[in-house]
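Q: Below you'll find work.cif; it's mmCIF, C-alpha atoms.
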data_upload
#
loop_
_atom_site.group_PDB
_atom_site.id
_atom_site.type_symbol
_atom_site.label_atom_id
_atom_site.label_comp_id
_atom_site.auth_asym_id
_atom_site.auth_seq_id
_atom_site.Cartn_x
_atom_site.Cartn_y
_atom_site.Cartn_z
ATOM 1 C CA MET D 1226 -18.564 -22.203 -10.486
ATOM 2 C CA VAL D 1227 -14.835 -22.824 -10.249
ATOM 3 C CA GLY D 1228 -14.260 -19.088 -10.625
ATOM 4 C CA THR D 1229 -16.520 -18.325 -7.677
ATOM 5 C CA ALA D 1230 -14.869 -20.958 -5.487
ATOM 6 C CA LEU D 1231 -11.393 -19.631 -6.337
ATOM 7 C CA PHE D 1232 -12.519 -16.066 -5.678
ATOM 8 C CA PHE D 1233 -13.837 -16.876 -2.210
ATOM 9 C CA LEU D 1234 -10.766 -18.971 -1.373
ATOM 10 C CA PHE D 1235 -8.319 -16.202 -2.278
ATOM 11 C CA ALA D 1236 -10.537 -13.445 -0.867
ATOM 12 C CA GLY D 1237 -10.669 -15.209 2.497
ATOM 13 C CA PHE D 1238 -6.919 -15.740 2.449
ATOM 14 C CA ALA D 1239 -6.324 -12.058 1.587
ATOM 15 C CA ILE D 1240 -8.598 -10.804 4.377
ATOM 16 C CA MET D 1241 -7.074 -13.174 6.942
ATOM 17 C CA CYS D 1242 -3.541 -12.118 5.971
ATOM 18 C CA ALA D 1243 -4.527 -8.427 6.130
ATOM 19 C CA ILE D 1244 -5.996 -8.829 9.626
ATOM 20 C CA SER D 1245 -2.912 -10.719 10.758
ATOM 21 C CA MET D 1246 -0.741 -7.905 9.360
ATOM 22 C CA VAL D 1247 -2.527 -5.327 11.516
ATOM 23 C CA TYR D 1248 -2.681 -7.654 14.527
ATOM 24 C CA HIS D 1249 0.979 -8.680 14.780
ATOM 25 C CA LYS D 1250 3.251 -6.384 16.767
ATOM 26 C CA ASN D 1251 6.474 -7.690 15.255
ATOM 27 C CA PRO D 1252 7.130 -5.824 11.973
ATOM 28 C CA LEU D 1253 8.655 -8.902 10.326
ATOM 29 C CA TYR D 1254 5.465 -10.961 10.871
ATOM 30 C CA SER D 1255 3.480 -8.036 9.435
ATOM 31 C CA ALA D 1256 5.691 -8.009 6.348
ATOM 32 C CA ILE D 1257 5.282 -11.754 5.750
ATOM 33 C CA SER D 1258 1.488 -11.431 6.115
ATOM 34 C CA LEU D 1259 1.514 -8.567 3.609
ATOM 35 C CA VAL D 1260 3.333 -10.799 1.108
ATOM 36 C CA GLY D 1261 0.462 -13.275 1.568
ATOM 37 C CA VAL D 1262 -2.038 -10.515 0.720
ATOM 38 C CA PHE D 1263 -0.080 -9.601 -2.416
ATOM 39 C CA ILE D 1264 0.113 -13.186 -3.645
ATOM 40 C CA SER D 1265 -3.606 -13.863 -3.126
ATOM 41 C CA LEU D 1266 -4.484 -10.570 -4.869
ATOM 42 C CA SER D 1267 -2.308 -11.662 -7.768
ATOM 43 C CA CYS D 1268 -4.304 -14.924 -8.018
ATOM 44 C CA ILE D 1269 -7.516 -12.865 -8.015
ATOM 45 C CA TYR D 1270 -6.141 -10.776 -10.896
ATOM 46 C CA ILE D 1271 -5.640 -13.988 -12.866
ATOM 47 C CA THR D 1272 -9.300 -14.928 -12.313
ATOM 48 C CA LEU D 1273 -10.161 -11.414 -13.576
ATOM 49 C CA ALA D 1274 -8.363 -12.187 -16.888
ATOM 50 C CA ALA D 1275 -5.491 -9.775 -16.212
ATOM 51 C CA PRO D 1276 -2.324 -11.916 -16.370
ATOM 52 C CA PHE D 1277 0.018 -8.974 -17.022
ATOM 53 C CA ILE D 1278 -1.087 -7.139 -13.887
ATOM 54 C CA ALA D 1279 -0.810 -10.379 -11.910
ATOM 55 C CA ALA D 1280 2.799 -10.903 -13.018
ATOM 56 C CA VAL D 1281 3.710 -7.272 -12.355
ATOM 57 C CA GLN D 1282 2.071 -7.503 -8.918
ATOM 58 C CA ILE D 1283 4.333 -10.404 -7.954
ATOM 59 C CA LEU D 1284 7.422 -8.779 -9.496
ATOM 60 C CA ILE D 1285 7.061 -5.258 -8.102
ATOM 61 C CA TYR D 1286 5.186 -5.690 -4.826
ATOM 62 C CA ALA D 1287 6.197 -9.115 -3.523
ATOM 63 C CA GLY D 1288 9.561 -9.020 -5.278
ATOM 64 C CA ALA D 1289 10.915 -5.494 -5.017
ATOM 65 C CA ILE D 1290 9.028 -3.459 -2.413
ATOM 66 C CA MET D 1291 8.681 -6.163 0.232
ATOM 67 C CA VAL D 1292 12.331 -7.196 -0.119
ATOM 68 C CA LEU D 1293 13.249 -3.556 0.521
ATOM 69 C CA VAL D 1294 10.948 -3.421 3.560
ATOM 70 C CA VAL D 1295 12.345 -6.664 4.998
ATOM 71 C CA PHE D 1296 15.883 -5.373 4.448
ATOM 72 C CA VAL D 1297 15.055 -2.207 6.407
ATOM 73 C CA ILE D 1298 13.426 -4.219 9.223
ATOM 74 C CA MET D 1299 16.508 -6.441 9.513
ATOM 75 C CA LEU D 1300 18.872 -3.450 9.265
ATOM 76 C CA LEU D 1301 17.222 -1.425 12.022
ATOM 77 C CA ASN D 1302 16.764 -4.380 14.456
ATOM 78 C CA LEU D 1303 13.401 -3.084 15.605
ATOM 79 C CA ASP D 1304 11.495 -3.687 18.804
ATOM 80 C CA ASP D 1305 7.844 -4.672 18.789
ATOM 81 C CA ASP D 1306 5.218 -2.066 18.108
ATOM 82 C CA THR D 1307 3.854 -0.598 21.336
ATOM 83 C CA GLY D 1308 0.424 0.455 20.091
ATOM 84 C CA PRO D 1309 -1.081 3.890 20.765
ATOM 85 C CA ASN D 1310 -0.197 3.937 24.459
ATOM 86 C CA ARG D 1311 -0.010 7.689 24.935
ATOM 87 C CA LEU D 1312 -2.878 8.630 22.626
ATOM 88 C CA LYS D 1313 -5.893 6.665 23.850
ATOM 89 C CA TYR D 1314 -8.364 8.581 21.693
ATOM 90 C CA LEU D 1315 -6.782 6.969 18.636
ATOM 91 C CA TYR D 1316 -8.571 3.686 19.479
ATOM 92 C CA THR D 1317 -11.927 5.477 19.340
ATOM 93 C CA LEU D 1318 -10.951 7.321 16.171
ATOM 94 C CA GLY D 1319 -9.740 4.156 14.445
ATOM 95 C CA GLY D 1320 -12.807 2.162 15.464
ATOM 96 C CA GLY D 1321 -15.152 4.906 14.257
ATOM 97 C CA LEU D 1322 -13.313 5.193 10.949
ATOM 98 C CA GLY D 1323 -13.470 1.421 10.484
ATOM 99 C CA VAL D 1324 -17.221 1.308 11.146
ATOM 100 C CA VAL D 1325 -17.879 4.165 8.704
ATOM 101 C CA LEU D 1326 -15.759 2.600 5.952
ATOM 102 C CA LEU D 1327 -17.366 -0.827 6.446
ATOM 103 C CA ALA D 1328 -20.838 0.731 6.249
ATOM 104 C CA GLN D 1329 -19.854 2.422 2.994
ATOM 105 C CA THR D 1330 -18.523 -0.874 1.663
ATOM 106 C CA PHE D 1331 -21.784 -2.702 2.330
ATOM 107 C CA PHE D 1332 -23.794 0.176 0.859
ATOM 108 C CA ILE D 1333 -21.745 -0.025 -2.339
ATOM 109 C CA PHE D 1334 -22.109 -3.830 -2.348
ATOM 110 C CA TYR D 1335 -25.924 -3.650 -2.273
ATOM 111 C CA ALA D 1336 -26.095 -0.725 -4.689
ATOM 112 C CA VAL D 1337 -23.968 -2.521 -7.276
ATOM 113 C CA MET D 1338 -25.788 -5.817 -6.691
ATOM 114 C CA ARG D 1339 -29.072 -4.183 -7.689
ATOM 115 C CA ALA D 1340 -27.701 -2.420 -10.744
ATOM 116 C CA PRO D 1341 -27.839 -4.470 -13.956
ATOM 117 C CA ASN D 1342 -24.266 -5.199 -14.957
ATOM 118 C CA ALA D 1343 -23.394 -8.095 -17.166
ATOM 119 C CA PRO D 1344 -19.683 -8.644 -17.825
ATOM 120 C CA SER D 1345 -18.856 -7.988 -21.449
ATOM 121 C CA ASP D 1346 -17.504 -11.304 -22.647
ATOM 122 C CA GLN D 1347 -16.223 -10.177 -26.019
ATOM 123 C CA THR D 1348 -13.536 -8.052 -24.392
ATOM 124 C CA LEU D 1349 -11.324 -10.659 -22.763
ATOM 125 C CA SER D 1350 -8.403 -9.153 -24.700
ATOM 126 C CA ALA D 1351 -8.364 -6.120 -22.384
ATOM 127 C CA GLY D 1352 -5.857 -7.775 -20.046
ATOM 128 C CA LYS D 1353 -3.446 -9.101 -22.653
ATOM 129 C CA THR D 1354 0.125 -7.846 -22.527
ATOM 130 C CA LEU D 1355 -0.047 -6.944 -26.236
ATOM 131 C CA THR D 1356 -3.086 -4.704 -25.730
ATOM 132 C CA ILE D 1357 -1.587 -3.019 -22.662
ATOM 133 C CA GLY D 1358 1.735 -2.422 -24.418
ATOM 134 C CA GLN D 1359 0.073 -0.925 -27.475
ATOM 135 C CA ALA D 1360 -2.052 1.414 -25.358
ATOM 136 C CA MET D 1361 0.972 2.343 -23.235
ATOM 137 C CA TYR D 1362 3.101 3.481 -26.169
ATOM 138 C CA THR D 1363 0.434 5.169 -28.262
ATOM 139 C CA GLU D 1364 -2.470 6.617 -26.320
ATOM 140 C CA TYR D 1365 -0.860 6.900 -22.884
ATOM 141 C CA LEU D 1366 2.677 7.856 -23.865
ATOM 142 C CA LEU D 1367 2.764 11.057 -21.787
ATOM 143 C CA PRO D 1368 1.790 9.387 -18.454
ATOM 144 C CA VAL D 1369 4.444 6.711 -19.052
ATOM 145 C CA GLU D 1370 7.083 9.392 -19.612
ATOM 146 C CA ILE D 1371 5.951 11.258 -16.492
ATOM 147 C CA VAL D 1372 6.215 8.054 -14.444
ATOM 148 C CA GLY D 1373 9.745 7.578 -15.797
ATOM 149 C CA VAL D 1374 10.745 11.063 -14.627
ATOM 150 C CA LEU D 1375 9.095 10.386 -11.248
ATOM 151 C CA LEU D 1376 11.111 7.188 -10.781
ATOM 152 C CA LEU D 1377 14.328 9.069 -11.642
ATOM 153 C CA MET D 1378 13.475 11.716 -9.042
ATOM 154 C CA ALA D 1379 12.766 8.995 -6.475
ATOM 155 C CA ILE D 1380 16.153 7.365 -7.126
ATOM 156 C CA ILE D 1381 18.029 10.654 -6.720
ATOM 157 C CA GLY D 1382 15.970 11.641 -3.683
ATOM 158 C CA SER D 1383 16.491 8.357 -1.856
ATOM 159 C CA VAL D 1384 20.245 8.491 -2.463
ATOM 160 C CA MET D 1385 20.326 12.037 -1.063
ATOM 161 C CA LEU D 1386 18.248 11.007 1.966
ATOM 162 C CA ALA D 1387 20.219 7.901 2.830
ATOM 163 C CA ARG D 1388 23.633 9.564 2.430
ATOM 164 C CA ARG D 1389 25.511 9.812 5.695
ATOM 165 C CA LEU D 1390 26.547 13.372 6.422
ATOM 166 C CA ALA D 1391 29.630 14.102 8.529
ATOM 167 C CA GLN D 1392 27.308 15.496 11.179
ATOM 168 C CA PRO D 1393 23.571 15.435 10.555
ATOM 169 C CA GLN D 1394 22.290 18.955 10.151
ATOM 170 C CA LEU D 1395 19.133 18.300 12.159
ATOM 171 C CA GLU D 1396 21.236 17.474 15.213
ATOM 172 C CA ILE D 1397 23.241 20.671 14.788
ATOM 173 C CA VAL D 1398 20.047 22.724 14.845
ATOM 174 C CA VAL D 1399 18.725 20.857 17.890
ATOM 175 C CA GLU D 1400 21.970 21.354 19.797
ATOM 176 C CA ARG D 1401 21.996 25.055 18.977
ATOM 177 C CA GLU D 1402 18.408 25.385 20.201
ATOM 178 C CA SER D 1403 19.127 23.629 23.482
ATOM 179 C CA ASP D 1404 22.254 25.755 24.023
ATOM 180 C CA LEU D 1405 20.199 28.908 23.544
ATOM 181 C CA ARG D 1406 17.597 27.634 25.971
ATOM 182 C CA ASN D 1407 20.251 26.846 28.601
ATOM 183 C CA ASP D 1408 21.758 30.312 28.191
ATOM 184 C CA GLU D 1409 18.383 31.919 28.789
ATOM 185 C CA GLN D 1410 17.915 29.958 31.979
ATOM 186 C CA MET F 286 -20.483 -18.475 -13.623
ATOM 187 C CA GLU F 287 -18.184 -15.806 -12.259
ATOM 188 C CA PRO F 288 -18.436 -13.755 -9.072
ATOM 189 C CA SER F 289 -20.223 -10.481 -9.626
ATOM 190 C CA LEU F 290 -18.637 -7.046 -9.715
ATOM 191 C CA ALA F 291 -20.137 -6.313 -6.305
ATOM 192 C CA SER F 292 -18.127 -9.044 -4.582
ATOM 193 C CA TYR F 293 -14.857 -7.681 -5.952
ATOM 194 C CA LEU F 294 -15.831 -4.207 -4.757
ATOM 195 C CA ALA F 295 -16.732 -5.610 -1.332
ATOM 196 C CA LEU F 296 -13.353 -7.363 -1.026
ATOM 197 C CA SER F 297 -11.613 -4.162 -2.058
ATOM 198 C CA GLY F 298 -13.588 -2.127 0.487
ATOM 199 C CA ILE F 299 -12.817 -4.561 3.301
ATOM 200 C CA LEU F 300 -9.092 -4.533 2.518
ATOM 201 C CA PHE F 301 -9.133 -0.716 2.368
ATOM 202 C CA THR F 302 -10.879 -0.570 5.740
ATOM 203 C CA ILE F 303 -8.307 -2.871 7.348
ATOM 204 C CA GLY F 304 -5.521 -0.716 5.909
ATOM 205 C CA ALA F 305 -7.058 2.555 7.087
ATOM 206 C CA VAL F 306 -7.649 1.237 10.617
ATOM 207 C CA GLY F 307 -4.118 -0.164 10.658
ATOM 208 C CA VAL F 308 -2.584 3.220 9.800
ATOM 209 C CA ILE F 309 -4.238 4.655 12.912
ATOM 210 C CA PHE F 310 -3.489 1.723 15.240
ATOM 211 C CA LYS F 311 0.140 1.179 14.270
ATOM 212 C CA ARG F 312 2.672 3.432 15.927
ATOM 213 C CA ASN F 313 5.846 2.504 14.074
ATOM 214 C CA ALA F 314 6.546 4.076 10.727
ATOM 215 C CA LEU F 315 7.190 0.782 8.919
ATOM 216 C CA GLY F 316 3.834 -0.643 10.006
ATOM 217 C CA MET F 317 2.040 2.470 8.788
ATOM 218 C CA PHE F 318 3.956 2.220 5.507
ATOM 219 C CA MET F 319 2.817 -1.376 5.002
ATOM 220 C CA CYS F 320 -0.798 -0.436 5.772
ATOM 221 C CA ILE F 321 -0.604 2.274 3.095
ATOM 222 C CA GLU F 322 0.635 -0.352 0.617
ATOM 223 C CA LEU F 323 -2.397 -2.479 1.526
ATOM 224 C CA MET F 324 -4.738 0.448 0.800
ATOM 225 C CA LEU F 325 -3.063 1.039 -2.581
ATOM 226 C CA ASN F 326 -3.591 -2.635 -3.417
ATOM 227 C CA ALA F 327 -7.267 -2.450 -2.513
ATOM 228 C CA VAL F 328 -7.719 0.441 -4.971
ATOM 229 C CA ASN F 329 -5.812 -1.516 -7.630
ATOM 230 C CA LEU F 330 -8.292 -4.379 -7.222
ATOM 231 C CA THR F 331 -11.153 -1.951 -7.902
ATOM 232 C CA PHE F 332 -9.424 -0.715 -11.057
ATOM 233 C CA VAL F 333 -8.876 -4.228 -12.388
ATOM 234 C CA ALA F 334 -12.440 -5.329 -11.573
ATOM 235 C CA PHE F 335 -13.963 -2.373 -13.425
ATOM 236 C CA SER F 336 -11.554 -2.905 -16.294
ATOM 237 C CA ARG F 337 -12.745 -6.509 -16.591
ATOM 238 C CA TYR F 338 -16.427 -5.628 -16.395
ATOM 239 C CA TYR F 339 -16.296 -2.761 -18.889
ATOM 240 C CA GLY F 340 -13.743 -4.387 -21.182
ATOM 241 C CA ASP F 341 -11.466 -1.352 -21.079
ATOM 242 C CA THR F 342 -7.681 -1.403 -20.881
ATOM 243 C CA THR F 343 -7.390 1.998 -19.191
ATOM 244 C CA GLY F 344 -7.995 0.601 -15.702
ATOM 245 C CA GLN F 345 -5.075 -1.811 -15.999
ATOM 246 C CA LEU F 346 -2.809 0.958 -17.271
ATOM 247 C CA PHE F 347 -3.641 3.023 -14.226
ATOM 248 C CA VAL F 348 -2.862 0.034 -12.017
ATOM 249 C CA PHE F 349 0.568 0.041 -13.651
ATOM 250 C CA MET F 350 0.964 3.762 -12.878
ATOM 251 C CA VAL F 351 -0.111 3.213 -9.258
ATOM 252 C CA MET F 352 2.462 0.450 -8.893
ATOM 253 C CA SER F 353 5.219 2.738 -10.241
ATOM 254 C CA VAL F 354 4.225 5.481 -7.808
ATOM 255 C CA ALA F 355 4.196 2.903 -4.989
ATOM 256 C CA ALA F 356 7.724 1.838 -5.906
ATOM 257 C CA ALA F 357 8.914 5.463 -5.842
ATOM 258 C CA GLU F 358 7.116 5.968 -2.538
ATOM 259 C CA ALA F 359 8.811 2.878 -1.090
ATOM 260 C CA ALA F 360 12.272 4.123 -2.059
ATOM 261 C CA VAL F 361 11.800 7.638 -0.669
ATOM 262 C CA GLY F 362 9.773 6.557 2.374
ATOM 263 C CA LEU F 363 12.288 3.956 3.500
ATOM 264 C CA GLY F 364 15.069 6.528 3.011
ATOM 265 C CA ILE F 365 13.199 8.905 5.296
ATOM 266 C CA ILE F 366 12.640 6.125 7.859
ATOM 267 C CA ILE F 367 16.360 5.276 7.907
ATOM 268 C CA ALA F 368 17.338 8.952 8.257
ATOM 269 C CA PHE F 369 14.835 9.334 11.117
ATOM 270 C CA PHE F 370 16.152 6.206 12.845
ATOM 271 C CA ARG F 371 19.691 7.552 12.558
ATOM 272 C CA ASN F 372 18.679 10.724 14.414
ATOM 273 C CA LYS F 373 16.320 9.295 17.053
ATOM 274 C CA GLN F 374 17.310 5.599 17.432
ATOM 275 C CA SER F 375 13.599 4.763 17.031
ATOM 276 C CA ILE F 376 10.974 4.772 14.299
ATOM 277 C CA ASP F 377 8.037 5.420 16.605
ATOM 278 C CA VAL F 378 6.050 8.254 15.046
ATOM 279 C CA ASP F 379 5.336 9.670 18.521
ATOM 280 C CA ASP F 380 9.040 10.488 18.777
ATOM 281 C CA ALA F 381 8.781 12.802 15.756
ATOM 282 C CA SER F 382 7.670 15.683 17.973
ATOM 283 C CA ILE F 383 10.464 18.189 17.414
ATOM 284 C CA LEU F 384 7.961 20.884 16.361
ATOM 285 C CA LYS F 385 5.788 20.420 19.449
ATOM 286 C CA ASN F 386 7.280 22.892 21.948
#
So, in terms of structure tokens, how does the structure I just supplied come out?

A:
Amino acid sequence: MVGTALFFLFAGFAIMCAISMVYHKNPLYSAISLVGVFISLSCIYITLAAPFIAAVQILIYAGAIMVLVVFVIMLLNLDDDTGPNRLKYLYTLGGGLGVVLLAQTFFIFYAVMRAPNAPSDQTLSAGKTLTIGQAMYTEYLLPVEIVGVLLLMAIIGSVMLARRLAQPQLEIVVERESDLRNDEQ
Amino acid sequence: MEPSLASYLALSGILFTIGAVGVIFKRNALGMFMCIELMLNAVNLTFVAFSRYYGDTTGQLFVFMVMSVAAAEAAVGLGIIIAFFRNKQSIDVDDASILKN
């Protein structure tokens, strides 16, 4: 009973924060709302007997990624989002996509509700850090190594992207194009 | 008494829907980026719920992989956003129209 109450509390908080993230035009308000979604999802992971994933969720998402996003927002000194002002058909497209996805969600909800599925109670150890660590370094060693290489590539790539060139090459190309166009005219 | 698997899946579907609609409605690159993070989190919730209900560790391991990929995506994506802002003085995705003419 307590589990159900906690689930609905955190689920409502997550959905409200997600809607507020899409609704707010200021990117900083969106980022704070997204942190709220991450924290309530982490609480839901604890009710699902997955404490390792809950801790990693707080550490990586709310701790690392959102700090990076807030840094970028502060660094760029952004204006508010304008919304799709030039592309009006995007409102129709987005609304249609939302209706279709919500219909699918409710279909899945009723389909799974009817199917007999009892949670297996003898397997509460599936979320323990010991179990996850053992699986990670025996059965799933190759994916872990691949993720390590991917993170290394991301580090090198982001350093290359954020490096300030003496003159950005994109601008050189654009200037050359506009010079050519002026010559033709 | 715990909530059933279906309610976790419904929460995940609703969060995914909000994220997908947000990607289309938002016009600045950072907002779209945050909506994509929300969609990744919705899928993670599905993984953890199935992992709990089938008693299998694999789902939680894949959540870990998804989080690593999201971290890599954040690093590279924010680098691209900063490089774009340096060229255009804006991160509106409608301004990324250099291929249009």

Q: Which residue, F:Ala360, F:Gly307, F:Gly340, F:Met350, has the smallest gap to Met319 (chain F) when you use all atoms listed in the file?

A: F:Gly307

Q: With the cut-off set at 6 Å and counting only C-alpha atoms, tabulate each residue of chain D with an atom at most that distance from an atom of chain F, showing the nearest atom pair and its distance in Å to one decimal, ordered by chain and increasing number, as CSV.

A:
residue,atom,partner,partner_atom,distance
D:Met1226,CA,F:Met286,CA,5.2
D:Gly1228,CA,F:Glu287,CA,5.4
D:Thr1229,CA,F:Pro288,CA,5.1
D:Val1247,CA,F:Gly307,CA,5.5
D:Gly1308,CA,F:Arg312,CA,5.6
D:Gly1319,CA,F:Val306,CA,5.2
D:Gly1323,CA,F:Thr302,CA,5.8
D:Leu1326,CA,F:Thr302,CA,5.8
D:Thr1330,CA,F:Gly298,CA,5.2
D:Phe1334,CA,F:Ala291,CA,5.1
D:Val1337,CA,F:Ala291,CA,5.5
D:Met1338,CA,F:Ala291,CA,5.7
D:Pro1344,CA,F:Tyr338,CA,4.7
D:Thr1348,CA,F:Gly340,CA,4.9
D:Ala1351,CA,F:Thr342,CA,5.0
D:Leu1376,CA,F:Ala357,CA,5.7
D:Ala1379,CA,F:Ala357,CA,5.3
D:Ser1383,CA,F:Val361,CA,4.9
D:Leu1386,CA,F:Gly364,CA,5.6
D:Ala1387,CA,F:Gly364,CA,5.3

Q: Between CA of Val1297 (chain D) and CA of Pro1252 (chain D), what is the distance, to one decimal in Å?

A: 10.3 Å

Q: With only C-alpha atoms as the atoms that count, which of D:Pro1276, D:Thr1317, D:Asp1305, D:Ala1289 lies nearest to His1249 (chain D)?

A: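 Under the stated criterion, the closest residue is D:Asp1305.
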
Q: Write out as a list in words the residues lying within 8 Å of Ile1269 (chain D), counting only C-alpha atoms and excluding same-chain residues fewer than 2 positions away.

A: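 With the cut-off at 8 Å, the set is Leu1231, Phe1232, Phe1235, Ala1236, Ser1265, Leu1266, Ser1267, Ile1271, Thr1272 and Leu1273 of chain D.
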
Q: Store the residues of this selection in a file with C-alpha atoms, as a PDB file, in the coordinates of the input.

A:
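Saved as out_2.pdb:
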ATOM      1  CA  LEU D1231     -11.393 -19.631  -6.337  1.00  0.00           C
ATOM      2  CA  PHE D1232     -12.519 -16.066  -5.678  1.00  0.00           C
ATOM      3  CA  PHE D1235      -8.319 -16.202  -2.278  1.00  0.00           C
ATOM      4  CA  ALA D1236     -10.537 -13.445  -0.867  1.00  0.00           C
ATOM      5  CA  SER D1265      -3.606 -13.863  -3.126  1.00  0.00           C
ATOM      6  CA  LEU D1266      -4.484 -10.570  -4.869  1.00  0.00           C
ATOM      7  CA  SER D1267      -2.308 -11.662  -7.768  1.00  0.00           C
ATOM      8  CA  ILE D1271      -5.640 -13.988 -12.866  1.00  0.00           C
ATOM      9  CA  THR D1272      -9.300 -14.928 -12.313  1.00  0.00           C
ATOM     10  CA  LEU D1273     -10.161 -11.414 -13.576  1.00  0.00           C
TER      11      LEU D1273
END

Q: Generate the coordinates of N, CA and C atoms for region 302-317 of chain F; report them as a compact mmCIF listing (two decimals), in the frame of the given file.

A:
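What ended up in out_32.txt:
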# COMPACT_ATOMS: atom_id res chain seq x y z
N THR F 302 -10.54 -0.87 4.34
CA THR F 302 -10.88 -0.57 5.74
C THR F 302 -9.80 -1.07 6.69
N ILE F 303 -9.35 -2.33 6.47
CA ILE F 303 -8.31 -2.87 7.35
C ILE F 303 -7.05 -2.01 7.26
N GLY F 304 -6.71 -1.57 6.05
CA GLY F 304 -5.52 -0.72 5.91
C GLY F 304 -5.67 0.61 6.62
N ALA F 305 -6.85 1.23 6.47
CA ALA F 305 -7.06 2.56 7.09
C ALA F 305 -7.04 2.46 8.60
N VAL F 306 -7.67 1.41 9.16
CA VAL F 306 -7.65 1.24 10.62
C VAL F 306 -6.23 0.94 11.09
N GLY F 307 -5.49 0.17 10.28
CA GLY F 307 -4.12 -0.16 10.66
C GLY F 307 -3.22 1.05 10.71
N VAL F 308 -3.40 2.01 9.79
CA VAL F 308 -2.58 3.22 9.80
C VAL F 308 -2.76 3.96 11.12
N ILE F 309 -4.00 3.93 11.66
CA ILE F 309 -4.24 4.66 12.91
C ILE F 309 -3.74 3.86 14.10
N PHE F 310 -3.88 2.52 14.08
CA PHE F 310 -3.49 1.72 15.24
C PHE F 310 -1.99 1.52 15.34
N LYS F 311 -1.30 1.44 14.21
CA LYS F 311 0.14 1.18 14.27
C LYS F 311 0.87 2.44 14.68
N ARG F 312 1.90 2.28 15.50
CA ARG F 312 2.67 3.43 15.93
C ARG F 312 4.07 3.43 15.36
N ASN F 313 4.53 2.38 14.68
CA ASN F 313 5.85 2.50 14.07
C ASN F 313 5.72 2.77 12.59
N ALA F 314 6.68 3.54 12.07
CA ALA F 314 6.55 4.08 10.73
C ALA F 314 6.50 2.98 9.68
N LEU F 315 7.22 1.86 9.91
CA LEU F 315 7.19 0.78 8.92
C LEU F 315 5.82 0.12 8.86
N GLY F 316 5.17 -0.05 10.02
CA GLY F 316 3.83 -0.64 10.01
C GLY F 316 2.84 0.24 9.27
N MET F 317 2.94 1.55 9.50
CA MET F 317 2.04 2.47 8.79
C MET F 317 2.30 2.41 7.29
